[in-house]
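> Pasting upload_1.cif here (mmCIF, C-alpha atoms and all ligand atoms):
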```
data_model
#
loop_
_atom_site.label_atom_id
_atom_site.label_comp_id
_atom_site.auth_asym_id
_atom_site.auth_seq_id
_atom_site.Cartn_x
_atom_site.Cartn_y
_atom_site.Cartn_z
CA MET U 1 9.11 -12.37 -5.98
CA ARG U 2 12.80 -11.72 -5.27
CA ASN U 3 14.17 -13.24 -2.07
CA ASP U 4 15.33 -9.82 -0.81
CA SER U 5 11.82 -8.34 -1.10
CA ILE U 6 10.10 -6.30 1.59
CA ILE U 7 6.38 -7.01 1.86
CA VAL U 8 4.22 -4.47 3.65
CA LEU U 9 0.76 -5.32 4.99
CA VAL U 10 -1.53 -2.32 5.44
CA GLY U 11 -5.20 -1.99 6.36
CA PRO U 12 -7.41 -0.70 9.14
CA PRO U 13 -7.13 -1.91 12.74
CA GLY U 14 -8.43 -5.48 12.90
CA ALA U 15 -8.36 -5.99 9.12
CA GLY U 16 -6.54 -9.31 9.52
CA LYS U 17 -2.93 -8.20 8.96
CA GLY U 18 -1.56 -10.34 11.80
CA THR U 19 -3.68 -13.33 10.76
CA GLN U 20 -2.40 -13.16 7.19
CA ALA U 21 1.17 -12.48 8.35
CA GLU U 22 1.23 -15.81 10.23
CA LYS U 23 0.17 -17.71 7.10
CA LEU U 24 2.41 -15.79 4.68
CA GLU U 25 5.50 -16.19 6.85
CA GLU U 26 5.10 -19.93 6.69
CA LYS U 27 4.31 -20.23 3.00
CA PHE U 28 7.02 -17.87 1.72
CA SER U 29 9.60 -18.32 4.56
CA LEU U 30 9.48 -14.63 5.37
CA ILE U 31 11.16 -12.90 8.29
CA PRO U 32 8.25 -11.25 10.12
CA LEU U 33 8.09 -7.97 11.95
CA SER U 34 4.91 -6.73 13.61
CA THR U 35 5.69 -3.40 15.24
CA GLY U 36 2.53 -3.67 17.36
CA GLN U 37 3.56 -7.10 18.62
CA VAL U 38 7.10 -5.94 19.47
CA LEU U 39 5.69 -2.94 21.35
CA ARG U 40 3.23 -5.13 23.30
CA GLU U 41 6.06 -7.50 24.22
CA GLU U 42 8.23 -4.60 25.40
CA ALA U 43 5.30 -3.28 27.47
CA ARG U 44 4.87 -6.71 29.07
CA LYS U 45 8.57 -6.84 29.93
CA GLY U 46 8.33 -3.33 31.39
CA SER U 47 11.28 -2.00 29.34
CA VAL U 48 11.77 1.76 28.95
CA LEU U 49 10.51 1.53 25.36
CA GLY U 50 7.53 -0.57 26.46
CA GLN U 51 6.53 1.76 29.27
CA GLU U 52 6.66 4.75 26.95
CA ALA U 53 4.64 2.94 24.27
CA GLN U 54 2.01 1.32 26.50
CA ALA U 55 0.14 4.45 27.56
CA ILE U 56 -0.01 5.69 23.97
CA MET U 57 -1.18 2.34 22.62
CA GLU U 58 -3.91 2.06 25.22
CA GLN U 59 -5.29 5.38 24.00
CA GLY U 60 -5.22 4.21 20.39
CA ASP U 61 -2.67 6.75 19.16
CA LEU U 62 0.51 6.06 17.22
CA VAL U 63 3.73 5.91 19.19
CA PRO U 64 6.39 8.40 18.03
CA ASP U 65 8.07 7.53 14.73
CA SER U 66 11.48 7.57 16.42
CA LEU U 67 10.49 4.63 18.69
CA VAL U 68 9.42 2.33 15.88
CA ALA U 69 12.21 3.50 13.54
CA GLU U 70 14.90 1.76 15.57
CA ILE U 71 12.95 -1.52 15.75
CA VAL U 72 12.47 -1.60 11.98
CA ARG U 73 15.99 -0.46 11.15
CA GLN U 74 17.43 -3.31 13.21
CA ARG U 75 15.21 -5.97 11.62
CA ILE U 76 15.90 -4.86 8.05
CA GLU U 77 19.65 -4.67 8.62
CA GLU U 78 19.68 -8.07 10.36
CA THR U 79 18.25 -9.78 7.28
CA ASN U 80 21.19 -8.60 5.25
CA SER U 81 19.27 -8.47 1.94
CA SER U 82 19.24 -12.26 1.78
CA GLN U 83 15.75 -12.97 3.10
CA ALA U 84 12.39 -11.45 2.35
CA VAL U 85 10.90 -9.43 5.22
CA LEU U 86 7.21 -9.09 6.08
CA LEU U 87 6.24 -5.83 7.77
CA ASP U 88 2.91 -5.80 9.61
CA GLY U 89 1.96 -2.37 10.97
CA PHE U 90 4.85 -0.40 9.47
CA PRO U 91 4.88 2.08 7.78
CA ARG U 92 1.79 3.81 9.13
CA ASN U 93 2.28 7.34 7.85
CA LEU U 94 4.19 9.16 5.14
CA ALA U 95 7.15 9.95 7.41
CA GLN U 96 7.58 6.24 8.20
CA ALA U 97 7.31 5.41 4.49
CA ALA U 98 10.15 7.86 3.84
CA LEU U 99 12.21 6.02 6.45
CA LEU U 100 11.45 2.69 4.79
CA ASP U 101 12.59 4.12 1.46
CA GLU U 102 15.86 5.05 3.08
CA LEU U 103 16.35 1.63 4.69
CA LYS U 104 15.31 -0.56 1.76
CA GLY U 105 18.21 0.32 -0.55
CA GLU U 106 17.71 -1.62 -3.78
CA ARG U 107 15.25 -4.10 -2.25
CA PRO U 108 11.81 -4.18 -3.93
CA VAL U 109 8.79 -3.27 -1.78
CA PHE U 110 5.36 -4.85 -2.30
CA VAL U 111 2.36 -3.36 -0.56
CA ILE U 112 -0.76 -5.38 0.21
CA ASN U 113 -3.81 -3.45 1.37
CA ILE U 114 -6.40 -5.56 3.23
CA ARG U 115 -9.74 -3.74 2.96
CA VAL U 116 -12.49 -4.51 5.46
CA ASP U 117 -15.71 -2.74 6.42
CA GLU U 118 -15.78 -1.07 9.84
CA ASP U 119 -18.86 -2.91 11.11
CA VAL U 120 -17.20 -6.25 10.31
CA ILE U 121 -14.05 -5.17 12.16
CA LEU U 122 -15.95 -4.17 15.29
CA LYS U 123 -17.39 -7.67 15.57
CA ARG U 124 -13.99 -9.27 14.98
CA LEU U 125 -12.19 -7.17 17.57
CA ALA U 126 -14.80 -7.89 20.26
CA ALA U 127 -14.06 -11.61 19.82
CA ARG U 128 -10.26 -11.38 19.48
CA ARG U 129 -7.85 -12.88 22.00
CA TYR U 130 -4.09 -13.21 21.62
CA CYS U 131 -1.40 -15.28 23.28
CA VAL U 132 0.80 -13.27 25.65
CA LYS U 133 3.78 -15.51 24.89
CA CYS U 134 3.84 -16.39 21.18
CA GLY U 135 1.44 -13.71 19.89
CA LYS U 136 -0.88 -16.20 18.12
CA ILE U 137 -4.22 -14.59 17.25
CA TYR U 138 -7.61 -16.16 18.00
CA ASN U 139 -11.18 -15.20 17.28
CA PHE U 140 -13.98 -16.87 19.14
CA HIS U 141 -16.29 -16.56 16.12
CA LEU U 142 -13.85 -18.60 14.03
CA THR U 143 -12.08 -21.07 16.30
CA THR U 144 -11.94 -21.75 20.01
CA PRO U 145 -8.80 -23.07 21.68
CA GLN U 146 -8.93 -26.64 22.96
CA GLU U 147 -8.68 -25.39 26.54
CA GLU U 148 -10.44 -22.15 27.50
CA ASP U 149 -8.12 -19.11 27.37
CA VAL U 150 -5.03 -21.28 26.77
CA CYS U 151 -2.96 -21.04 23.59
CA ASP U 152 -3.01 -24.26 21.53
CA ALA U 153 0.44 -23.50 20.17
CA CYS U 154 2.44 -22.81 23.35
CA GLY U 155 0.13 -23.29 26.37
CA ALA U 156 0.37 -19.67 27.57
CA GLN U 157 -2.58 -17.49 28.55
CA LEU U 158 -4.92 -15.87 26.01
CA VAL U 159 -5.95 -12.30 26.79
CA GLN U 160 -7.93 -9.45 25.29
CA ARG U 161 -5.85 -6.49 24.11
CA GLY U 162 -6.09 -3.29 26.13
CA ASP U 163 -6.76 -1.33 22.92
CA ASP U 164 -9.72 -3.53 21.88
CA ARG U 165 -12.18 -1.49 23.97
CA GLU U 166 -14.84 0.25 21.90
CA GLU U 167 -13.79 3.84 22.69
CA VAL U 168 -10.14 3.03 21.88
CA ILE U 169 -11.12 1.31 18.64
CA LYS U 170 -12.86 4.55 17.59
CA THR U 171 -9.61 6.47 18.15
CA ARG U 172 -7.64 3.82 16.23
CA PHE U 173 -10.02 4.21 13.26
CA ARG U 174 -9.63 8.00 13.37
CA VAL U 175 -5.84 7.74 13.51
CA TYR U 176 -5.98 5.27 10.62
CA ARG U 177 -8.05 7.68 8.52
CA ASP U 178 -5.86 10.69 9.33
CA GLU U 179 -2.40 9.10 9.19
CA THR U 180 -2.51 5.85 7.25
CA GLU U 181 -5.09 6.46 4.52
CA PRO U 182 -2.94 9.19 2.89
CA LEU U 183 -0.06 6.71 2.88
CA ILE U 184 -2.20 4.03 1.24
CA GLU U 185 -3.40 6.56 -1.32
CA ALA U 186 0.25 7.30 -2.17
CA TYR U 187 1.16 3.60 -2.34
CA SER U 188 -1.85 2.90 -4.56
CA GLN U 189 -0.23 5.02 -7.28
CA THR U 190 2.81 2.74 -7.36
CA GLN U 191 3.46 -0.38 -9.38
CA ASN U 192 3.75 -3.01 -6.67
CA TYR U 193 0.59 -2.19 -4.75
CA PHE U 194 -2.47 -4.39 -4.62
CA ALA U 195 -5.65 -4.51 -2.58
CA VAL U 196 -7.61 -7.55 -1.43
CA ASP U 197 -11.11 -7.88 -0.03
CA GLY U 198 -10.50 -8.78 3.63
CA ASN U 199 -14.22 -9.30 4.35
CA GLN U 200 -13.85 -12.85 3.05
CA LYS U 201 -12.77 -15.95 5.00
CA PRO U 202 -9.11 -15.93 6.15
CA GLN U 203 -8.13 -18.76 3.78
CA VAL U 204 -9.69 -17.01 0.77
CA VAL U 205 -7.86 -13.76 1.60
CA PHE U 206 -4.64 -15.73 2.02
CA GLU U 207 -5.00 -17.44 -1.35
CA GLU U 208 -5.62 -14.11 -3.09
CA ILE U 209 -2.56 -12.53 -1.50
CA SER U 210 -0.41 -15.59 -2.29
CA THR U 211 -1.46 -15.56 -5.94
CA LYS U 212 -0.60 -11.87 -6.26
CA LEU U 213 2.80 -12.35 -4.61
CA ILE U 214 3.64 -15.20 -6.96
CA GLU U 215 2.59 -13.13 -10.00
CA VAL U 216 4.40 -9.88 -9.17
CA ASP U 217 7.12 -8.52 -11.36
CA PRO U 218 10.30 -9.41 -9.47
CA GLU U 219 12.35 -6.54 -10.79
CA THR U 220 10.35 -3.56 -9.58
CA GLY U 221 9.69 -2.07 -6.18
CA GLY U 222 7.08 0.42 -5.03
CA SER U 223 7.81 3.67 -3.23
CA ALA U 224 5.02 5.64 -1.59
CA VAL U 225 7.04 8.78 -1.33
CA ARG U 226 7.75 11.24 -4.11
CA PRO U 227 11.29 12.72 -3.98
CA GLU U 228 9.99 16.12 -2.75
CA GLN U 229 8.26 14.42 0.23
CA ARG U 230 11.42 12.71 1.50
CA SER U 231 11.93 14.90 4.54
CA VAL U 232 12.89 12.36 7.25
P1 LIG O 1 -1.04 -3.12 15.74
O1 LIG O 1 -0.80 -4.27 16.61
O2 LIG O 1 -0.34 -3.03 14.46
O3 LIG O 1 -2.63 -2.98 15.58
P2 LIG O 1 -3.61 -2.59 14.35
O4 LIG O 1 -2.98 -2.06 13.13
O5 LIG O 1 -4.65 -1.77 14.98
O6 LIG O 1 -4.09 -3.96 13.88
P3 LIG O 1 -4.54 -5.13 14.75
O7 LIG O 1 -3.34 -5.86 15.28
O8 LIG O 1 -5.55 -4.67 15.76
O9 LIG O 1 -5.35 -6.02 13.73
P4 LIG O 1 -4.88 -6.90 12.51
O10 LIG O 1 -5.11 -6.19 11.24
O11 LIG O 1 -3.52 -7.50 12.74
O12 LIG O 1 -5.99 -8.02 12.63
P5 LIG O 1 -5.92 -9.50 13.24
O13 LIG O 1 -5.23 -10.42 12.29
O14 LIG O 1 -5.49 -9.49 14.66
O15 LIG O 1 -0.73 -1.78 16.54
C1 LIG O 1 -1.21 -1.56 17.84
C2 LIG O 1 -0.71 -0.22 18.33
O16 LIG O 1 0.73 -0.21 18.36
C3 LIG O 1 -1.08 0.99 17.47
O17 LIG O 1 -2.37 1.48 17.77
C4 LIG O 1 0.04 1.98 17.83
O18 LIG O 1 -0.19 2.58 19.08
C5 LIG O 1 1.25 1.06 17.98
N1 LIG O 1 1.99 0.90 16.71
C6 LIG O 1 2.17 -0.25 16.02
N2 LIG O 1 2.90 -0.01 14.92
C7 LIG O 1 3.17 1.31 14.91
C8 LIG O 1 3.86 2.17 14.01
N3 LIG O 1 4.43 1.71 12.87
N4 LIG O 1 3.94 3.49 14.32
C9 LIG O 1 3.39 4.00 15.44
N5 LIG O 1 2.69 3.24 16.32
C10 LIG O 1 2.59 1.91 16.06
O19 LIG O 1 -7.48 -9.86 13.14
C11 LIG O 1 -8.41 -9.25 14.01
C12 LIG O 1 -9.41 -10.31 14.49
O20 LIG O 1 -10.19 -10.76 13.37
C13 LIG O 1 -8.73 -11.57 15.06
O21 LIG O 1 -9.50 -12.05 16.12
C14 LIG O 1 -8.74 -12.56 13.88
O22 LIG O 1 -8.79 -13.90 14.33
C15 LIG O 1 -9.99 -12.16 13.14
N6 LIG O 1 -9.88 -12.31 11.69
C16 LIG O 1 -8.80 -12.01 10.91
N7 LIG O 1 -9.08 -12.22 9.62
C17 LIG O 1 -10.38 -12.63 9.57
C18 LIG O 1 -11.24 -12.98 8.50
N8 LIG O 1 -10.84 -12.95 7.21
N9 LIG O 1 -12.50 -13.34 8.80
C19 LIG O 1 -12.94 -13.38 10.10
N10 LIG O 1 -12.16 -13.05 11.16
C20 LIG O 1 -10.89 -12.68 10.90
#
```
Mind turning this structure into structure tokens?

Amino acid sequence: MRNDSIIVLVGPPGAGKGTQAEKLEEKFSLIPLSTGQVLREEARKGSVLGQEAQAIMEQGDLVPDSLVAEIVRQRIEETNSSQAVLLDGFPRNLAQAALLDELKGERPVFVINIRVDEDVILKRLAARRYCVKCGKIYNFHLTTPQEEDVCDACGAQLVQRGDDREEVIKTRFRVYRDETEPLIEAYSQTQNYFAVDGNQKPQVVFEEISTKLIEVDPETGGSAVRPEQRSV
């Protein structure tokens, strides 16, 4: 893998994108960007962006492309083509993929699709907590923190996400099917796309992704968008 690569994690809500992102960042020294995490942080700070995003996120819908575009643009430009970037949660539709194509320049893009069954996800999301300060993800079926509701990594509070309520999860699945599945279908036709079975244990999923990333052809990059679709 080239060191200016852009790696994109896609998959349904709760598939394990954030969990794998944490592990991949460390192993491959990647610069991470989770658009969901940035938006949650902005909401917590009460910024204009955060206030606008919060209501939409709590309903399970996607925030407008223009809001996430600026966040991603900044992160990709900051890395100055010298470090590989890991995108978790972006792009999420074909318009955002067109934006990524514009921003990536000559950098190769690798897309990893984490596939998980919906009934498995529902159980995972019911048991998920995350750290309000460092964003670390927990699942009470897998590991419990040493102290109840306190992050092992930074000592801040663990909370349940506002969008992990059952009715919101249903909306998130619908949005995923309507907006993101067509994007994944388009990416699946490209050279640097691969899918992994995310129903397995986190470490097994991580090893599969790592092996694929080590094997990939360093000279090519995937684009989900055909030239005639590049409208934004
Ligand atoms: P975002 O934060 O991106 O949420 P999501 O895509 O719904 O995904 P999640 O974060 O819920 O799950 P995940 O796949 O990271 O799974 P995790 O590792 O936590 O986005 C939230 C909202 O922000 C969106 O709805 C939208 O409103 C907005 N937004 C974000 N990006 C946007 C964009 N580009 N455009 C527009 N709007 C945007 O794992 C889940 C649980 O399972 C955890 O408890 C974990 O410990 C556990 N787990 C993980 N892997 C395993 C495993 N292999 N086995 C058992 N348990 C596991």
> Using only C-alpha atoms and all ligand atoms, determine which residues fall within 7 Å of ligand LIG 1 (chain O), then list them as a VMD selection string.
chain U and resid 11 to 20 34 to 37 39 56 to 57 60 to 65 68 88 to 92 121 124 to 125 127 to 129 137 to 139 142 172 198 to 202 205
> Between CA of Ile76 (chain U) and CA of Lys104 (chain U), what is the distance in Å, rounded to a tenth?
7.6 Å
> So the first atom is CA of Ala69 (chain U) and the second is CA of Gln96 (chain U); what is the distance between them in Å, to one decimal place?
7.6 Å
> Within 7 Å of (-2.5, -3.6, -3.3) in the file's own coordinates, which protein, DNA or RNA residues have an atom, counting all atoms listed in the file? List them as a PDB file with C-alpha atoms, in the frame of the given file.

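Below is the file point_17.pdb, written as the result:
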```pdb
ATOM      1  CA  VAL U 111       2.360  -3.360  -0.560  1.00  0.00           C
ATOM      2  CA  ILE U 112      -0.760  -5.380   0.210  1.00  0.00           C
ATOM      3  CA  ASN U 113      -3.810  -3.450   1.370  1.00  0.00           C
ATOM      4  CA  SER U 188      -1.850   2.900  -4.560  1.00  0.00           C
ATOM      5  CA  TYR U 193       0.590  -2.190  -4.750  1.00  0.00           C
ATOM      6  CA  PHE U 194      -2.470  -4.390  -4.620  1.00  0.00           C
ATOM      7  CA  ALA U 195      -5.650  -4.510  -2.580  1.00  0.00           C
ATOM      8  CA  VAL U 196      -7.610  -7.550  -1.430  1.00  0.00           C
TER       9      VAL U 196
END
```
> With distances taken over all atoms listed in the file, which of U:Val204, U:Leu49, U:Leu122, U:Ala98 is nearest to Lys23 (chain U)?
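Among the listed residues, U:Val204 lies closest to Lys23 (chain U).
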> For region 129-135 of chain U, what centre and edge lengths in Å (one decimal) does the axis-aligned box get once 8 Å is added on each side of all its listed atoms, as AutoDock Vina command-line options?

```
--center_x -2.0 --center_y -14.6 --center_z 22.8 --size_x 27.7 --size_y 19.5 --size_z 21.8
```
> In Å, how far is it from CA of Thr144 (chain U) to CA of Gly162 (chain U)?
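Interatomic distance here is 20.3 Å.
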> Can you pull out the residues contacting region 147-156 of chain U? Cut-off 8 Å, using only C-alpha atoms, and skip same-chain residues under 6 positions away; I want them as a PyMOL selection string.
chain U and resi 131-134+136
> Counting all atoms listed in the file, which residue out of U:Ile184, U:Leu33, U:Leu24, U:Ile169 sits closest to Asp119 (chain U)?
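Of U:Ile184, U:Leu33, U:Leu24, U:Ile169, the one nearest Asp119 (chain U) is U:Ile169, counting all atoms listed in the file.
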> Calculated over only C-alpha atoms, which of the candidates U:Gln51, U:Ser66, U:Ser5, U:Ser82 has the smallest distance to Pro108 (chain U)?
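Ranked by minimum distance to Pro108 (chain U), first place goes to U:Ser5.
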> Would you please work out which residue, of U:Glu41, U:Asp164, U:Glu102, U:Glu118, is nearest to Glu77 (chain U) when using only C-alpha atoms?
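Comparing U:Glu41, U:Asp164, U:Glu102, U:Glu118 against Glu77 (chain U), the winner is U:Glu102.
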> Find, counting only C-alpha atoms, the residue in U:Gln203, U:Asn93, U:Thr143, U:Ser210 that gets nearest to Tyr176 (chain U).
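Selected residue with least distance to Tyr176 (chain U): U:Asn93.
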> Between U:Ser81, U:Gln191, U:Arg177, U:Tyr130, which one has atoms that come closest to Arg107 (chain U), using all atoms listed in the file?
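Looking at the shortest contact to Arg107 (chain U), the residue is U:Ser81.
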> Within 7 Å of region 178-183 of chain U, counting only C-alpha atoms, which residues show up once you throw out same-chain ones fewer than 2 positions away? Write them as an MDAnalysis selection string, please.
chainID U and resid 92:94 174:176 185:187 224
> Take region 169-180 of chain U, bring it up to all heavy atoms, and give me the output as an mmCIF file, in the frame of the given file.

```cif
data_model
loop_
_atom_site.group_PDB
_atom_site.id
_atom_site.type_symbol
_atom_site.label_atom_id
_atom_site.label_comp_id
_atom_site.auth_asym_id
_atom_site.auth_seq_id
_atom_site.Cartn_x
_atom_site.Cartn_y
_atom_site.Cartn_z
ATOM 1 N N ILE U 169 -11.019 1.707 20.054
ATOM 2 C CA ILE U 169 -11.120 1.310 18.640
ATOM 3 C C ILE U 169 -11.527 2.522 17.787
ATOM 4 O O ILE U 169 -11.005 2.736 16.700
ATOM 5 C CB ILE U 169 -12.116 0.137 18.460
ATOM 6 C CG1 ILE U 169 -11.575 -1.108 19.163
ATOM 7 C CG2 ILE U 169 -12.363 -0.152 16.992
ATOM 8 C CD1 ILE U 169 -12.548 -2.276 19.242
ATOM 9 N N LYS U 170 -12.436 3.352 18.340
ATOM 10 C CA LYS U 170 -12.860 4.550 17.590
ATOM 11 C C LYS U 170 -11.663 5.461 17.318
ATOM 12 O O LYS U 170 -11.497 5.997 16.226
ATOM 13 C CB LYS U 170 -13.912 5.321 18.388
ATOM 14 C CG LYS U 170 -15.284 4.722 18.245
ATOM 15 C CD LYS U 170 -16.330 5.633 18.856
ATOM 16 C CE LYS U 170 -17.644 4.883 19.003
ATOM 17 N NZ LYS U 170 -18.394 5.215 20.195
ATOM 18 N N THR U 171 -10.810 5.632 18.344
ATOM 19 C CA THR U 171 -9.610 6.470 18.150
ATOM 20 C C THR U 171 -8.696 5.830 17.117
ATOM 21 O O THR U 171 -8.144 6.519 16.246
ATOM 22 C CB THR U 171 -8.840 6.628 19.492
ATOM 23 O OG1 THR U 171 -9.736 7.100 20.468
ATOM 24 C CG2 THR U 171 -7.658 7.564 19.350
ATOM 25 N N ARG U 172 -8.534 4.495 17.191
ATOM 26 C CA ARG U 172 -7.640 3.820 16.230
ATOM 27 C C ARG U 172 -8.144 4.015 14.793
ATOM 28 O O ARG U 172 -7.357 4.221 13.873
ATOM 29 C CB ARG U 172 -7.521 2.336 16.580
ATOM 30 C CG ARG U 172 -6.708 2.124 17.855
ATOM 31 C CD ARG U 172 -6.924 0.760 18.464
ATOM 32 N NE ARG U 172 -6.479 -0.339 17.631
ATOM 33 C CZ ARG U 172 -6.904 -1.598 17.767
ATOM 34 N NH1 ARG U 172 -7.784 -1.909 18.690
ATOM 35 N NH2 ARG U 172 -6.445 -2.535 16.986
ATOM 36 N N PHE U 173 -9.471 3.966 14.606
ATOM 37 C CA PHE U 173 -10.020 4.210 13.260
ATOM 38 C C PHE U 173 -9.723 5.644 12.810
ATOM 39 O O PHE U 173 -9.380 5.884 11.656
ATOM 40 C CB PHE U 173 -11.545 4.010 13.254
ATOM 41 C CG PHE U 173 -11.986 2.566 13.136
ATOM 42 C CD1 PHE U 173 -13.072 2.099 13.857
ATOM 43 C CD2 PHE U 173 -11.343 1.683 12.290
ATOM 44 C CE1 PHE U 173 -13.497 0.779 13.752
ATOM 45 C CE2 PHE U 173 -11.762 0.358 12.174
ATOM 46 C CZ PHE U 173 -12.843 -0.089 12.914
ATOM 47 N N ARG U 174 -9.882 6.601 13.751
ATOM 48 C CA ARG U 174 -9.630 8.000 13.370
ATOM 49 C C ARG U 174 -8.165 8.203 12.986
ATOM 50 O O ARG U 174 -7.850 8.816 11.964
ATOM 51 C CB ARG U 174 -10.016 8.938 14.544
ATOM 52 C CG ARG U 174 -9.800 10.408 14.222
ATOM 53 C CD ARG U 174 -10.061 11.334 15.396
ATOM 54 N NE ARG U 174 -9.438 10.955 16.640
ATOM 55 C CZ ARG U 174 -8.130 11.059 16.896
ATOM 56 N NH1 ARG U 174 -7.309 11.531 15.984
ATOM 57 N NH2 ARG U 174 -7.646 10.699 18.071
ATOM 58 N N VAL U 175 -7.280 7.625 13.795
ATOM 59 C CA VAL U 175 -5.840 7.740 13.510
ATOM 60 C C VAL U 175 -5.535 7.092 12.151
ATOM 61 O O VAL U 175 -4.774 7.623 11.346
ATOM 62 C CB VAL U 175 -5.014 7.081 14.642
ATOM 63 C CG1 VAL U 175 -3.546 6.974 14.273
ATOM 64 C CG2 VAL U 175 -5.183 7.852 15.949
ATOM 65 N N TYR U 176 -6.179 5.970 11.899
ATOM 66 C CA TYR U 176 -5.980 5.270 10.620
ATOM 67 C C TYR U 176 -6.400 6.188 9.448
ATOM 68 O O TYR U 176 -5.672 6.338 8.474
ATOM 69 C CB TYR U 176 -6.782 3.966 10.602
ATOM 70 C CG TYR U 176 -6.824 3.305 9.254
ATOM 71 C CD1 TYR U 176 -5.728 2.604 8.774
ATOM 72 C CD2 TYR U 176 -7.954 3.424 8.435
ATOM 73 C CE1 TYR U 176 -5.749 2.027 7.514
ATOM 74 C CE2 TYR U 176 -7.975 2.846 7.187
ATOM 75 C CZ TYR U 176 -6.872 2.147 6.733
ATOM 76 O OH TYR U 176 -6.901 1.587 5.478
ATOM 77 N N ARG U 177 -7.570 6.820 9.609
ATOM 78 C CA ARG U 177 -8.050 7.680 8.520
ATOM 79 C C ARG U 177 -7.118 8.871 8.306
ATOM 80 O O ARG U 177 -6.787 9.233 7.181
ATOM 81 C CB ARG U 177 -9.475 8.179 8.808
ATOM 82 C CG ARG U 177 -10.539 7.142 8.491
ATOM 83 C CD ARG U 177 -11.935 7.737 8.529
ATOM 84 N NE ARG U 177 -12.343 8.053 9.882
ATOM 85 C CZ ARG U 177 -13.012 7.217 10.683
ATOM 86 N NH1 ARG U 177 -13.362 6.027 10.249
ATOM 87 N NH2 ARG U 177 -13.335 7.563 11.895
ATOM 88 N N ASP U 178 -6.677 9.483 9.427
ATOM 89 C CA ASP U 178 -5.860 10.690 9.330
ATOM 90 C C ASP U 178 -4.433 10.407 8.868
ATOM 91 O O ASP U 178 -3.858 11.146 8.076
ATOM 92 C CB ASP U 178 -5.766 11.407 10.696
ATOM 93 C CG ASP U 178 -7.112 11.961 11.133
ATOM 94 O OD1 ASP U 178 -8.049 11.969 10.295
ATOM 95 O OD2 ASP U 178 -7.231 12.375 12.304
ATOM 96 N N GLU U 179 -3.845 9.334 9.407
ATOM 97 C CA GLU U 179 -2.400 9.100 9.190
ATOM 98 C C GLU U 179 -2.115 8.066 8.093
ATOM 99 O O GLU U 179 -1.192 8.234 7.309
ATOM 100 C CB GLU U 179 -1.756 8.591 10.485
ATOM 101 C CG GLU U 179 -1.874 9.530 11.657
ATOM 102 C CD GLU U 179 -0.662 10.432 11.768
ATOM 103 O OE1 GLU U 179 0.400 10.104 11.217
ATOM 104 O OE2 GLU U 179 -0.816 11.478 12.414
ATOM 105 N N THR U 180 -2.893 6.989 8.111
ATOM 106 C CA THR U 180 -2.510 5.850 7.250
ATOM 107 C C THR U 180 -3.192 5.908 5.881
ATOM 108 O O THR U 180 -2.597 5.505 4.879
ATOM 109 C CB THR U 180 -2.804 4.505 7.973
ATOM 110 O OG1 THR U 180 -2.247 4.574 9.287
ATOM 111 C CG2 THR U 180 -2.175 3.337 7.253
#
```
